[in-house]
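Report on the structure given below.
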Amino acid sequence: MKSLKILVVLTLLLVVSAFAFTQIDTFESGYAVGDVATDFKLKNVDGSFVSLSDFDKAKGFIVVFTCNTCPFAMANEDRILDLDKEFKAKGYPVIAINPNNPEVQPGDSFEAMQERAREKGFTFPYLFDENQEIYPQYGATKTPHVYLLQKEGESLLVRYIGAIDDSVRDEATVTKRFVADAVQALLAGKPVEPSNTKAIGCSIKA
């Protein structure tokens, strides 16, 4: 009888462990290229709430997970502005999302986001993932981390995941504009190559 009880306990532990591992793996992987992304509704720095469904004329979106405090994110702010300027009118606006927990990183509070948006003259929505629900869905791990979405009917398909370009620290040394090239490929009806690159930046503060 004692052996049977031990066997039952061990079996339960294995089941719980397997479930936990599955949950962790799902969180870490997030979306892959080709997956359908779900919409969201997050607070913008102007106080309004923004969803991707609000942009009925958009062909897709350049979703950038970024923040106020990460040196890598700050080094890319002008490039994010340039992407919005270059592609918004062509149907691919930038949607920036701050995924950080301000209790861990006080400089990433909503008020600090508002100040940063004013200082830099952001031309795109800068949204607060207040409950930290969206970045795990996407699988974002860094700031900055980009997800390029394309509309197909009622769906939003992930077409590119990764870095903005090949020189996150220094814009002057960029030789490959990954996101810009990906959007140009979609506009031309061509496949995105590469469709995955490594995002380099600060870890998201949970």
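Chain identifiers are assigned as A, B, and so on, following the order in which chains appear in the structure tokens; residues are numbered from 1 within each chain, and ligands are numbered from 1 in order of appearance.
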Quiz item: Which neighbours of Lys43 of chain A fall inside 12 Å, counting only C-alpha atoms, when residues of the same chain fewer than 4 positions from it are skipped, and could you give them as a PyMOL selection string?
Solution: chain A and resi 47-51+95-99+110-111+113-114+125-131
Self-check item: Nearby residues (only C-alpha atoms) at most 7 Å from Ile164 of chain A, same-chain spacing under 5 positions excluded, as number ranges by chain
Solution: A: 146, 177-179
Exercise. Could you tell me which of A:Pro71, A:Pro144, A:Gly30, A:Gly60 comes closest to Ile204 of chain A if we count only C-alpha atoms?
Key: A:Pro144
Self-check item: Selection: 7 Å around Gln105 of chain A, only C-alpha atoms, excl. self and same-chain fewer than 4 positions, as a list in words
Solution: Asn100, Asn101 and Lys205 of chain A
Any chance you could export the current selection's C-alpha atoms as a PDB file, in the first residue's frame?
ATOM      1  CA  ASN A 100       8.292  47.048 -18.409  1.00  0.00           C
ATOM      2  CA  ASN A 101       6.992  46.942 -14.826  1.00  0.00           C
ATOM      3  CA  LYS A 205      11.524  43.980 -16.499  1.00  0.00           C
TER       4      LYS A 205
END
Exercise. Using backbone DSSP assignments, extract all strand (DSSP E or B) residues from segment 67-181 of chain A; output them as a list in words.
Key: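 So, restricting segment 67-181 of chain A to strand (DSSP E or B), we get Val94, Ile95, Ala96, Ile97, Asn98, Tyr126, Leu127, Phe128, Lys142, Thr143, His145, Val146, Tyr147, Leu148, Leu149, Gln150, Lys151, Glu152, Ser155, Leu156, Leu157, Val158, Arg159, Tyr160, Ile161 and Gly162 of chain A.
Take atom CA of Val104 of chain A and atom CA of Ala206 of chain A: the distance between them is 7.1 Å.
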Quiz item: Among chain A, which residues carry a DSSP assignment of alpha helix (DSSP H), reported as a ChimeraX atom specification?
Solution: /A:2-29,71-75,77-87,110-120,134-138,178-187
